[in-house]
>>> print(open('structure.txt').read())   # compact mmCIF, C-alpha atoms and all ligand atoms
# COMPACT_ATOMS: atom_id res chain seq x y z
CA MET E 1 26.73 100.60 160.87
CA PRO E 2 28.07 98.03 163.34
CA VAL E 3 28.79 94.60 161.84
CA ASP E 4 25.85 92.25 162.40
CA VAL E 5 28.00 89.41 163.77
CA ALA E 6 25.04 87.11 164.43
CA ALA E 7 24.44 86.89 160.66
CA TYR E 8 27.99 85.63 160.17
CA LEU E 9 27.64 83.03 162.92
CA ASP E 10 24.43 81.54 161.55
CA GLY E 11 24.87 78.30 159.64
CA HIS E 12 28.08 77.28 161.39
CA ALA E 13 26.71 74.35 163.36
CA ALA E 14 29.47 72.05 162.03
CA THR E 15 32.24 74.47 163.07
CA ALA E 16 30.57 74.85 166.44
CA SER E 17 30.49 71.10 167.00
CA ARG E 18 34.14 70.64 165.89
CA THR E 19 35.65 73.56 167.82
CA PRO E 20 36.01 72.30 171.41
CA ASN E 21 38.88 69.95 172.18
CA PRO E 22 37.96 66.61 173.78
CA LEU E 23 38.73 67.95 177.27
CA ALA E 24 36.34 70.89 176.90
CA GLU E 25 33.80 68.66 175.15
CA GLY E 26 33.72 66.22 178.06
CA LEU E 27 33.63 68.78 180.87
CA LYS E 28 30.24 68.96 182.52
CA GLY E 29 28.73 72.12 183.95
CA SER E 30 27.44 72.20 187.50
CA ARG E 31 24.15 70.34 187.88
CA ILE E 32 23.38 72.53 190.89
CA LEU E 33 23.62 75.65 188.77
CA ALA E 34 21.37 74.03 186.15
CA ILE E 35 18.76 73.31 188.84
CA ALA E 36 19.14 76.87 190.14
CA GLY E 37 18.47 78.15 186.61
CA GLU E 38 15.21 76.18 186.47
CA VAL E 39 14.20 77.57 189.86
CA ASN E 40 14.96 81.14 188.83
CA ALA E 41 12.92 80.75 185.63
CA LEU E 42 9.90 79.60 187.69
CA LYS E 43 10.42 82.43 190.18
CA ALA E 44 10.54 84.94 187.31
CA LYS E 45 7.08 83.68 186.32
CA GLY E 46 5.87 84.49 189.84
CA ALA E 47 5.94 81.04 191.51
CA PRO E 48 6.21 81.52 195.32
CA ILE E 49 9.26 79.26 195.66
CA VAL E 50 11.28 78.77 198.81
CA ASN E 51 14.75 78.30 197.36
CA LEU E 52 16.88 75.85 199.34
CA THR E 53 19.13 74.95 196.41
CA ILE E 54 22.12 77.16 196.19
CA GLY E 55 25.18 76.99 198.46
CA ASP E 56 25.19 80.76 198.69
CA PHE E 57 23.77 83.54 200.85
CA ASP E 58 21.07 86.09 200.25
CA PRO E 59 22.82 89.24 201.51
CA LYS E 60 19.47 90.38 202.95
CA GLN E 61 19.49 87.34 205.21
CA PHE E 62 23.21 86.93 205.75
CA PRO E 63 25.24 90.03 204.84
CA VAL E 64 29.03 90.13 204.91
CA PRO E 65 30.49 91.78 208.02
CA SER E 66 29.92 95.54 207.60
CA VAL E 67 33.51 96.19 208.73
CA LEU E 68 34.67 94.16 205.72
CA VAL E 69 32.69 96.42 203.38
CA ASP E 70 34.21 99.50 205.06
CA LEU E 71 37.75 98.14 204.84
CA ILE E 72 37.42 97.16 201.16
CA THR E 73 36.00 100.59 200.33
CA GLU E 74 38.88 102.30 202.14
CA GLU E 75 41.44 100.16 200.30
CA LEU E 76 39.82 100.94 196.95
CA ARG E 77 39.78 104.64 197.67
CA ALA E 78 43.40 104.46 198.77
CA GLY E 79 44.22 103.32 195.24
CA HIS E 80 45.01 99.61 195.69
CA THR E 81 43.69 98.85 192.24
CA ASN E 82 46.71 97.32 190.48
CA TYR E 83 47.82 93.68 190.15
CA PRO E 84 48.39 91.93 193.46
CA PRO E 85 51.47 89.67 193.74
CA ALA E 86 50.67 86.33 192.08
CA SER E 87 50.69 84.36 195.31
CA GLY E 88 48.79 86.95 197.36
CA THR E 89 49.91 90.06 199.22
CA ALA E 90 52.61 89.50 201.82
CA GLU E 91 50.28 90.94 204.50
CA LEU E 92 47.50 88.49 203.69
CA GLN E 93 49.86 85.52 203.52
CA GLN E 94 51.24 86.43 206.93
CA ALA E 95 47.75 87.07 208.37
CA ILE E 96 46.60 83.64 207.18
CA LEU E 97 49.63 81.94 208.73
CA ASP E 98 49.13 83.85 211.98
CA SER E 99 45.43 82.98 212.11
CA TYR E 100 46.21 79.29 211.50
CA ARG E 101 48.72 79.46 214.36
CA ASP E 102 46.33 81.23 216.73
CA GLU E 103 43.03 79.58 215.79
CA LEU E 104 43.99 76.14 214.49
CA GLY E 105 47.22 75.63 216.44
CA LEU E 106 49.29 75.14 213.25
CA HIS E 107 52.53 77.05 212.92
CA TYR E 108 53.45 76.87 209.22
CA PRO E 109 56.62 78.46 207.78
CA ALA E 110 56.68 81.34 205.30
CA GLY E 111 56.02 80.18 201.73
CA SER E 112 53.22 77.81 202.77
CA VAL E 113 50.31 79.95 201.49
CA LEU E 114 48.87 80.67 198.09
CA VAL E 115 45.96 83.09 197.72
CA GLY E 116 43.42 82.88 194.90
CA SER E 117 40.05 84.29 193.91
CA GLY E 118 38.03 82.08 196.25
CA ALA E 119 38.71 78.46 197.14
CA ARG E 120 38.22 77.15 193.60
CA PRO E 121 41.46 78.40 191.99
CA PRO E 122 43.68 76.99 194.80
CA PHE E 123 41.62 73.79 194.60
CA TYR E 124 42.16 73.66 190.84
CA ALA E 125 45.85 74.52 191.23
CA ALA E 126 46.31 71.78 193.86
CA PHE E 127 44.83 69.15 191.54
CA GLY E 128 46.76 70.59 188.58
CA THR E 129 50.00 70.28 190.54
CA ILE E 130 49.45 66.81 191.94
CA VAL E 131 47.25 64.82 189.55
CA ALA E 132 48.75 63.38 186.34
CA PRO E 133 46.66 61.65 183.65
CA GLY E 134 45.59 58.24 184.92
CA ASP E 135 46.13 59.08 188.61
CA GLU E 136 43.36 57.98 190.95
CA VAL E 137 41.46 60.65 192.85
CA LEU E 138 39.75 59.14 195.87
CA TYR E 139 36.81 60.92 197.49
CA PRO E 140 33.71 60.05 199.44
CA VAL E 141 30.32 60.71 197.85
CA PRO E 142 28.10 62.66 198.13
CA SER E 143 30.73 65.27 197.35
CA TRP E 144 31.04 68.78 196.01
CA ASN E 145 32.72 69.23 192.59
CA THR E 146 35.75 66.97 193.11
CA ARG E 147 35.06 64.85 190.04
CA HIS E 148 35.33 67.88 187.75
CA TYR E 149 38.74 68.81 189.13
CA ALA E 150 39.88 65.20 188.69
CA TYR E 151 38.57 65.21 185.11
CA LEU E 152 40.33 68.48 184.24
CA ASN E 153 43.66 66.80 184.95
CA GLY E 154 42.94 63.43 183.36
CA GLY E 155 42.57 61.89 186.80
CA VAL E 156 40.48 58.78 187.37
CA PRO E 157 37.68 59.51 189.86
CA VAL E 158 37.32 56.87 192.57
CA PRO E 159 34.14 57.82 194.43
CA VAL E 160 33.50 55.93 197.66
CA PRO E 161 29.81 55.78 198.59
CA THR E 162 29.09 56.68 202.20
CA ARG E 163 26.09 55.96 204.42
CA PRO E 164 23.65 58.19 206.28
CA GLU E 165 24.28 56.36 209.56
CA ASN E 166 27.89 57.60 209.28
CA GLY E 167 26.83 61.18 208.58
CA PHE E 168 27.76 60.63 204.92
CA MET E 169 31.42 60.48 205.98
CA PRO E 170 33.44 57.45 204.84
CA THR E 171 34.52 54.80 207.30
CA PHE E 172 38.20 54.02 207.45
CA ASP E 173 37.52 50.53 206.08
CA GLU E 174 35.72 51.97 203.06
CA LEU E 175 38.74 54.12 202.16
CA ALA E 176 41.53 51.69 203.10
CA PRO E 177 41.40 49.43 200.00
CA HIS E 178 42.10 52.43 197.75
CA LEU E 179 44.91 54.13 199.67
CA GLY E 180 47.62 52.01 198.06
CA THR E 181 46.84 53.27 194.56
CA ALA E 182 45.29 56.74 195.04
CA ARG E 183 47.23 59.87 194.20
CA VAL E 184 44.87 62.24 195.99
CA LEU E 185 42.47 61.65 198.84
CA LEU E 186 39.94 64.45 199.17
CA ILE E 187 38.23 64.99 202.51
CA ASN E 188 35.81 67.88 203.06
CA SER E 189 34.67 68.85 206.55
CA PRO E 190 32.27 70.42 207.46
CA SER E 191 30.68 68.73 204.50
CA ASN E 192 28.93 70.06 201.48
CA PRO E 193 26.33 68.63 200.93
CA ALA E 194 25.82 66.66 204.15
CA GLY E 195 26.18 69.43 206.77
CA THR E 196 28.11 67.01 208.98
CA VAL E 197 31.60 67.12 210.51
CA ILE E 198 34.29 64.44 210.41
CA ARG E 199 34.98 62.69 213.73
CA GLU E 200 38.35 63.24 215.38
CA ASP E 201 39.25 59.53 215.52
CA LEU E 202 38.40 58.97 211.86
CA LEU E 203 40.45 61.95 210.70
CA ARG E 204 43.37 60.79 212.86
CA ASP E 205 43.18 57.27 211.38
CA ILE E 206 43.08 58.69 207.86
CA ALA E 207 46.07 60.96 208.51
CA LEU E 208 48.05 58.08 210.08
CA ALA E 209 47.28 55.88 207.08
CA VAL E 210 48.44 58.60 204.67
CA VAL E 211 51.73 58.83 206.60
CA ALA E 212 52.18 55.04 206.58
CA GLU E 213 51.37 54.78 202.88
CA ASN E 214 53.89 57.50 202.08
CA LYS E 215 56.63 55.77 204.10
CA ARG E 216 56.07 52.77 201.86
CA ARG E 217 56.08 54.92 198.72
CA GLU E 218 59.20 56.80 199.74
CA ALA E 219 61.05 53.52 200.20
CA ALA E 220 59.89 52.50 196.73
CA GLY E 221 60.70 55.90 195.19
CA ALA E 222 57.03 56.35 194.22
CA ARG E 223 55.03 59.57 194.04
CA PRO E 224 53.25 60.38 197.31
CA LEU E 225 49.58 60.18 198.25
CA ILE E 226 48.35 63.72 198.98
CA LEU E 227 45.51 64.46 201.37
CA VAL E 228 43.55 67.50 200.17
CA TYR E 229 41.56 68.75 203.14
CA ASP E 230 38.81 71.15 202.09
CA GLN E 231 37.83 73.13 205.17
CA VAL E 232 36.04 76.11 203.60
CA TYR E 233 33.20 75.83 206.14
CA TRP E 234 35.38 75.34 209.23
CA ARG E 235 34.15 78.39 211.14
CA LEU E 236 30.56 77.25 210.68
CA VAL E 237 30.22 74.39 213.18
CA PHE E 238 27.30 74.08 215.58
CA GLY E 239 26.42 72.55 218.92
CA ASP E 240 28.89 69.94 220.16
CA ALA E 241 30.64 69.62 216.81
CA VAL E 242 34.37 70.46 216.76
CA HIS E 243 36.54 71.11 213.72
CA PHE E 244 39.84 69.24 213.53
CA THR E 245 42.67 69.41 211.02
CA PRO E 246 44.72 66.39 209.87
CA VAL E 247 48.00 68.21 210.64
CA GLY E 248 46.77 69.20 214.11
CA LEU E 249 46.03 65.54 214.89
CA VAL E 250 49.01 63.95 213.11
CA PRO E 251 51.77 66.52 212.42
CA GLU E 252 53.74 63.94 210.37
CA VAL E 253 51.09 64.25 207.64
CA ALA E 254 52.10 67.89 206.97
CA PRO E 255 54.41 67.04 204.00
CA TYR E 256 51.45 65.32 202.32
CA CYS E 257 48.57 67.66 203.18
CA VAL E 258 47.03 70.57 201.26
CA MET E 259 44.39 72.58 203.12
CA ILE E 260 41.84 74.62 201.18
CA ASP E 261 40.09 77.58 202.76
CA ALA E 262 38.29 80.84 201.91
CA ILE E 263 36.29 83.72 203.32
CA SER E 264 33.46 82.78 200.93
CA LYS E 265 31.32 80.77 203.32
CA CYS E 266 32.70 81.69 206.73
CA TRP E 267 32.02 85.42 206.29
CA ALA E 268 29.12 84.99 203.85
CA ALA E 269 31.42 86.60 201.27
CA THR E 270 30.94 84.30 198.25
CA GLY E 271 31.04 87.21 195.79
CA LEU E 272 34.19 88.82 197.13
CA ARG E 273 36.49 86.00 195.97
CA VAL E 274 39.25 85.48 198.51
CA GLY E 275 40.48 81.93 199.14
CA TRP E 276 43.77 80.17 199.79
CA ALA E 277 45.69 76.95 200.13
CA VAL E 278 48.07 76.14 202.99
CA ALA E 279 50.54 73.38 202.09
CA PRO E 280 54.26 72.52 202.01
CA PRO E 281 56.23 75.26 200.22
CA TRP E 282 57.32 72.84 197.46
CA ILE E 283 53.67 72.20 196.54
CA ILE E 284 52.68 75.87 196.90
CA GLY E 285 55.60 76.84 194.63
CA LYS E 286 54.27 74.63 191.83
CA MET E 287 50.66 75.76 192.32
CA ASN E 288 51.69 79.40 192.08
CA PRO E 289 52.12 79.62 188.26
CA LEU E 290 48.74 77.92 187.74
CA ILE E 291 47.07 80.78 189.59
CA GLY E 292 49.36 83.29 187.87
CA HIS E 293 48.73 82.11 184.31
CA THR E 294 44.97 81.95 184.80
CA GLY E 295 45.01 85.36 186.52
CA ALA E 296 42.87 83.90 189.28
CA TRP E 297 44.14 86.31 191.94
CA ALA E 298 41.90 87.75 194.58
CA PRO E 299 41.30 91.47 194.06
CA LYS E 300 43.82 93.55 195.98
CA PRO E 301 41.39 95.62 198.10
CA GLU E 302 39.69 92.40 199.23
CA GLN E 303 43.05 90.83 200.06
CA ARG E 304 44.14 93.82 202.12
CA ALA E 305 40.80 94.01 203.95
CA THR E 306 40.84 90.26 204.65
CA ALA E 307 44.35 90.55 206.07
CA THR E 308 43.20 93.29 208.45
CA LEU E 309 40.22 91.27 209.67
CA LEU E 310 42.24 88.07 210.14
CA ARG E 311 44.83 90.06 212.09
CA GLU E 312 42.23 91.90 214.15
CA PRO E 313 39.29 89.48 214.50
CA GLU E 314 37.89 91.57 217.37
CA ARG E 315 36.74 94.05 214.70
CA LEU E 316 34.13 91.45 213.67
CA GLY E 317 32.39 92.10 217.02
CA ASP E 318 29.60 89.56 217.53
CA TYR E 319 29.18 88.99 213.78
CA MET E 320 30.14 85.30 213.86
CA THR E 321 27.83 84.54 216.79
CA GLY E 322 24.83 86.12 215.07
CA PHE E 323 25.66 84.59 211.69
CA LYS E 324 26.01 81.07 213.04
CA ALA E 325 22.94 81.37 215.25
CA GLY E 326 20.90 82.49 212.22
CA LEU E 327 22.02 79.48 210.19
CA GLU E 328 21.50 77.11 213.07
CA ARG E 329 17.95 78.36 213.77
CA ARG E 330 16.90 77.76 210.17
CA LEU E 331 18.58 74.34 210.03
CA THR E 332 17.03 73.31 213.33
CA THR E 333 13.55 74.41 212.21
CA LEU E 334 13.81 72.11 209.20
CA TRP E 335 15.45 69.27 211.13
CA ARG E 336 12.72 69.35 213.82
CA ALA E 337 9.99 69.24 211.17
CA PHE E 338 11.56 66.11 209.68
CA GLN E 339 11.90 64.49 213.12
CA ALA E 340 8.23 65.20 213.87
CA LEU E 341 7.11 63.65 210.58
CA LYS E 342 9.38 60.67 211.16
CA ALA E 343 7.90 60.18 214.64
CA GLU E 344 4.46 60.06 213.00
CA GLY E 345 5.72 57.17 210.85
CA TYR E 346 6.27 58.97 207.57
CA PRO E 347 9.20 57.82 205.39
CA VAL E 348 11.46 60.78 206.07
CA ASP E 349 14.66 61.44 207.99
CA ALA E 350 17.24 64.17 208.53
CA LEU E 351 20.74 64.32 210.01
CA ALA E 352 21.30 66.66 212.95
CA PRO E 353 22.95 69.82 211.59
CA ALA E 354 26.59 70.05 212.67
CA GLY E 355 28.25 72.39 210.19
CA ALA E 356 28.10 74.46 206.98
CA LEU E 357 24.71 75.71 205.78
CA TYR E 358 23.16 72.43 204.78
CA LEU E 359 20.73 69.85 206.08
CA SER E 360 20.70 66.29 204.72
CA ALA E 361 17.12 65.13 204.51
CA LYS E 362 15.51 61.97 203.22
CA ILE E 363 12.11 62.24 201.61
CA ASP E 364 11.42 58.70 200.53
CA LEU E 365 8.47 59.04 198.19
CA LEU E 366 9.97 56.64 195.65
CA GLY E 367 7.23 54.48 194.15
CA ARG E 368 4.49 56.84 195.38
CA THR E 369 2.39 59.21 193.32
CA VAL E 370 2.44 62.98 193.73
CA ASP E 371 -0.12 65.05 191.83
CA GLY E 372 -0.64 62.23 189.34
CA THR E 373 3.06 61.57 188.72
CA ARG E 374 4.82 58.46 189.98
CA ILE E 375 8.15 59.21 191.69
CA GLU E 376 10.78 56.89 190.18
CA THR E 377 14.01 58.88 190.45
CA ASP E 378 15.59 61.48 192.71
CA ASP E 379 14.99 64.02 189.99
CA ASP E 380 11.26 63.13 189.93
CA LEU E 381 11.27 63.84 193.67
CA ARG E 382 13.07 67.15 193.17
CA ARG E 383 10.56 68.16 190.50
CA ALA E 384 7.57 67.22 192.64
CA LEU E 385 8.92 69.27 195.53
CA LEU E 386 9.52 72.20 193.20
CA GLN E 387 6.33 72.10 191.17
CA VAL E 388 3.82 70.89 193.74
CA ALA E 389 5.25 72.15 197.06
CA ASN E 390 7.16 75.16 195.65
CA VAL E 391 10.25 74.09 197.57
CA ALA E 392 13.52 73.92 195.65
CA VAL E 393 16.16 71.41 196.81
CA VAL E 394 19.15 69.58 195.31
CA PRO E 395 19.02 65.76 195.26
CA PHE E 396 22.13 63.89 196.35
CA ASP E 397 22.57 62.38 192.88
CA ALA E 398 23.77 65.87 191.86
CA PHE E 399 26.68 65.24 194.26
CA GLY E 400 27.62 61.91 192.69
CA TYR E 401 25.59 59.79 195.15
CA ALA E 402 24.06 56.88 193.27
CA GLY E 403 20.29 56.98 193.42
CA PRO E 404 17.49 56.79 193.73
CA SER E 405 18.08 57.38 197.43
CA GLY E 406 15.49 59.99 198.40
CA TRP E 407 18.25 62.06 200.06
CA VAL E 408 18.36 65.77 199.27
CA ARG E 409 20.37 68.81 200.36
CA LEU E 410 18.52 71.74 201.90
CA SER E 411 20.61 74.93 201.93
CA VAL E 412 19.49 77.71 204.27
CA GLY E 413 21.79 80.57 203.20
CA ALA E 414 19.17 82.32 201.12
CA VAL E 415 16.06 81.77 203.20
CA SER E 416 14.42 83.72 206.03
CA GLU E 417 13.32 82.03 209.25
CA ASP E 418 9.71 82.30 208.04
CA GLY E 419 10.80 80.82 204.73
CA ALA E 420 12.37 77.84 206.51
CA LEU E 421 9.12 77.32 208.44
CA ALA E 422 7.07 77.59 205.26
CA ALA E 423 9.33 75.06 203.52
CA ALA E 424 8.95 72.66 206.44
CA ASP E 425 5.13 72.98 206.32
CA ARG E 426 4.97 72.53 202.56
CA ILE E 427 7.22 69.47 202.58
CA ALA E 428 5.12 67.98 205.40
CA ALA E 429 1.90 68.61 203.45
CA LEU E 430 3.35 66.97 200.33
CA VAL E 431 4.61 63.94 202.26
CA ARG E 432 1.26 63.49 204.05
CA SER E 433 -0.71 63.71 200.84
CA ALA E 434 1.63 61.34 198.94
CA CYS E 435 1.37 58.76 201.75
CA ARG E 436 -2.42 58.90 202.18
C1 LIG V 501 33.16 72.12 199.83
C2 LIG V 501 33.44 73.32 199.00
N1 LIG V 501 34.71 73.59 198.66
C3 LIG V 501 35.03 74.67 197.92
C4 LIG V 501 34.05 75.53 197.47
C5 LIG V 501 34.45 76.71 196.62
O1 LIG V 501 34.37 77.90 197.31
P1 LIG V 501 34.65 79.32 196.62
O2 LIG V 501 33.33 79.95 196.39
O3 LIG V 501 35.47 80.07 197.62
O4 LIG V 501 35.38 79.10 195.34
C6 LIG V 501 32.71 75.28 197.78
C7 LIG V 501 31.67 76.17 197.25
O5 LIG V 501 30.50 75.85 197.23
C8 LIG V 501 32.41 74.15 198.58
O6 LIG V 501 31.14 73.87 198.93
>>> encode(input="structure.txt", output="structure tokens")
Amino acid sequence: MPVDVAAYLDGHAATASRTPNPLAEGLKGSRILAIAGEVNALKAKGAPIVNLTIGDFDPKQFPVPSVLVDLITEELRAGHTNYPPASGTAELQQAILDSYRDELGLHYPAGSVLVGSGARPPFYAAFGTIVAPGDEVLYPVPSWNTRHYAYLNGGVPVPVPTRPENGFMPTFDELAPHLGTARVLLINSPSNPAGTVIREDLLRDIALAVVAENKRREAAGARPLILVYDQVYWRLVFGDAVHFTPVGLVPEVAPYCVMIDAISKCWAATGLRVGWAVAPPWIIGKMNPLIGHTGAWAPKPEQRATATLLREPERLGDYMTGFKAGLERRLTTLWRAFQALKAEGYPVDALAPAGALYLSAKIDLLGRTVDGTRIETDDDLRRALLQVANVAVVPFDAFGYAGPSGWVRLSVGAVSEDGALAAADRIAALVRSACR
């Protein structure tokens, strides 16, 4: 008879509540994943929901490049199933450096790359290397999970609210007052959740200010300000938008810049877990054991296949063109629907899609009544959209943006073109009925 362990766990509520240390106790799970759980539960009951919540892809809509699948399979069959080197295979490190030289115009030396299982472990390792308890972590909001990585290292989050008229990017003047005390400045472009791209002049000003601040600190013998530039969506830019890097604009910022990247979003490969950081070798060297001790390596077949594709991008054929066009069509469908409603005088808005897989949309039903319920908070709005319109979205307050604002993120990675149209129609119907 196997031991019935559940019987021995029952009645241990006090032990359960006293077990986690204060750090684990205070760590919050992802609100986006909690919302996704609610959506999935409704879907399981048969609700016809268009799911625009998750920053992921439905492989039926957006598969990984088939050549990547073939390469990984070949590597597996060839027996590359043991531990990879802790900082990534030499081939992948070199392929990343070569691709940064050829595609981003940045020629980094050997020792400047650390590979991990997706962007998160390098992100975590960068914060773990740089942030000491009490250090300020400066970042614009709305923002992806930065506050959790600050928390994990005892950092003090300093969120800087941004405005829709600036594409939810900070202005230089909004950041400037904090640069003298911050330890890390996090900039993410293309942006999750906003779907916008940082302007060249703003990024240049930020990089110049980081250099100037560090000159001051060096003279004072103080620890430097590090710019963490999260560019995991950089291959997904649309229309006139252009992706810039801080080091490309201001090379003198290189000693103070950590770039975070991955195949997760750019090749729709979120489940394959290959990401990396590119940074000065003395930062990479310290990040390395953090990846090593957590075992957060990328699987070896995936690393080898990624190296091949970065080295020989022509093997992707027209994959990137089709992938980006598919995202852009869905985003544009939604954006146009919001513009049409706005032109009719309804209290909605949306920012033109420029990058990533997201649309920022404002659905300002605050103070109005939907299906008998008054909308008071962003979460009331989210619930009304989910339960009445069967459209699942993530409100900006889940990204640290103080509400109620009426702004929500619509993610198109898991939706068909028909689904995007249906979502647009359902949102329009809800808005019209709430504003009657
Ligand atoms: C801005 C941003 N950075 C980093 C990540 C982490 O990517 P990965 O799945 O490669 O860990 C995400 C994932 O959603 C993201 O949106």
>>> closest_residue(input="structure.txt", among="E:Gly221, E:Pro140, E:Pro193, E:Gly292", to="ligand LIG 501 (chain V)", atoms="all atoms listed in the file")
E:Pro193
>>> residues_near_point(input="structure.txt", point="(38.5, 59.2, 191.7)", cutoff="9 Å", atoms="only C-alpha atoms", output="VMD selection string")
chain E and resid 135 to 139 146 to 147 150 to 151 155 to 160 182 184 to 185
>>> atom_distance(input="structure.txt", atom1="CA of Ala194 in chain E", atom2="CA of Leu359 in chain E")
6.3 Å
>>> closest_atom_pairs(input="structure.txt", of="chain E", to="ligand LIG 501 (chain V)", cutoff="9 Å", atoms="only C-alpha atoms and all ligand atoms", output="CSV")
residue,atom,partner,partner_atom,distance
E:Ile54,CA,V:LIG501,O5,8.5
E:Gly55,CA,V:LIG501,O5,5.6
E:Asp56,CA,V:LIG501,O5,7.4
E:Gly116,CA,V:LIG501,O3,8.9
E:Ser117,CA,V:LIG501,O4,7.1
E:Gly118,CA,V:LIG501,O3,3.5
E:Ala119,CA,V:LIG501,O3,3.6
E:Arg120,CA,V:LIG501,O4,3.9
E:Pro121,CA,V:LIG501,O4,7.0
E:Pro122,CA,V:LIG501,O4,8.6
E:Phe123,CA,V:LIG501,C3,7.4
E:Ser143,CA,V:LIG501,C1,7.7
E:Trp144,CA,V:LIG501,C1,5.5
E:Asn145,CA,V:LIG501,C2,7.6
E:Thr146,CA,V:LIG501,N1,8.7
E:Asn188,CA,V:LIG501,C1,6.0
E:Ser189,CA,V:LIG501,C1,7.6
E:Pro190,CA,V:LIG501,C1,7.9
E:Ser191,CA,V:LIG501,C1,6.3
E:Asn192,CA,V:LIG501,C1,5.0
E:Pro193,CA,V:LIG501,O6,7.4
E:Asp230,CA,V:LIG501,N1,5.9
E:Gln231,CA,V:LIG501,C1,7.2
E:Val232,CA,V:LIG501,N1,5.7
E:Tyr233,CA,V:LIG501,C1,7.3
E:Ile260,CA,V:LIG501,C3,7.6
E:Asp261,CA,V:LIG501,O3,7.3
E:Ala262,CA,V:LIG501,O3,5.2
E:Ile263,CA,V:LIG501,O3,6.8
E:Ser264,CA,V:LIG501,O3,4.7
E:Lys265,CA,V:LIG501,O3,7.1
E:Ala269,CA,V:LIG501,O2,8.5
E:Thr270,CA,V:LIG501,O2,5.3
E:Gly271,CA,V:LIG501,O2,7.6
E:Leu272,CA,V:LIG501,O3,8.9
E:Arg273,CA,V:LIG501,O3,6.2
E:Val274,CA,V:LIG501,O3,6.7
E:Gly275,CA,V:LIG501,O3,5.6
E:Trp276,CA,V:LIG501,O3,8.6
E:Ala356,CA,V:LIG501,O6,8.6
>>> atom_distance(input="structure.txt", atom1="CA of Asn390 in chain E", atom2="CA of Thr377 in chain E")
18.4 Å
>>> atom_distance(input="structure.txt", atom1="CA of Arg199 in chain E", atom2="CA of His243 in chain E")
8.6 Å
>>> residues_around(input="structure.txt", residues="range 203-206 of chain E", least_positions_apart="4", cutoff="10 Å", atoms="all atoms listed in the file", output="list in words")
Thr171, Phe172, Leu175, Ala176, Leu179, Leu185, Ile187, Ser189, Ile198, Arg199, Val210, Val211, Ala212, Leu227, Phe244, Thr245, Pro246, Val247, Gly248, Leu249, Val250 and Val253 of chain E
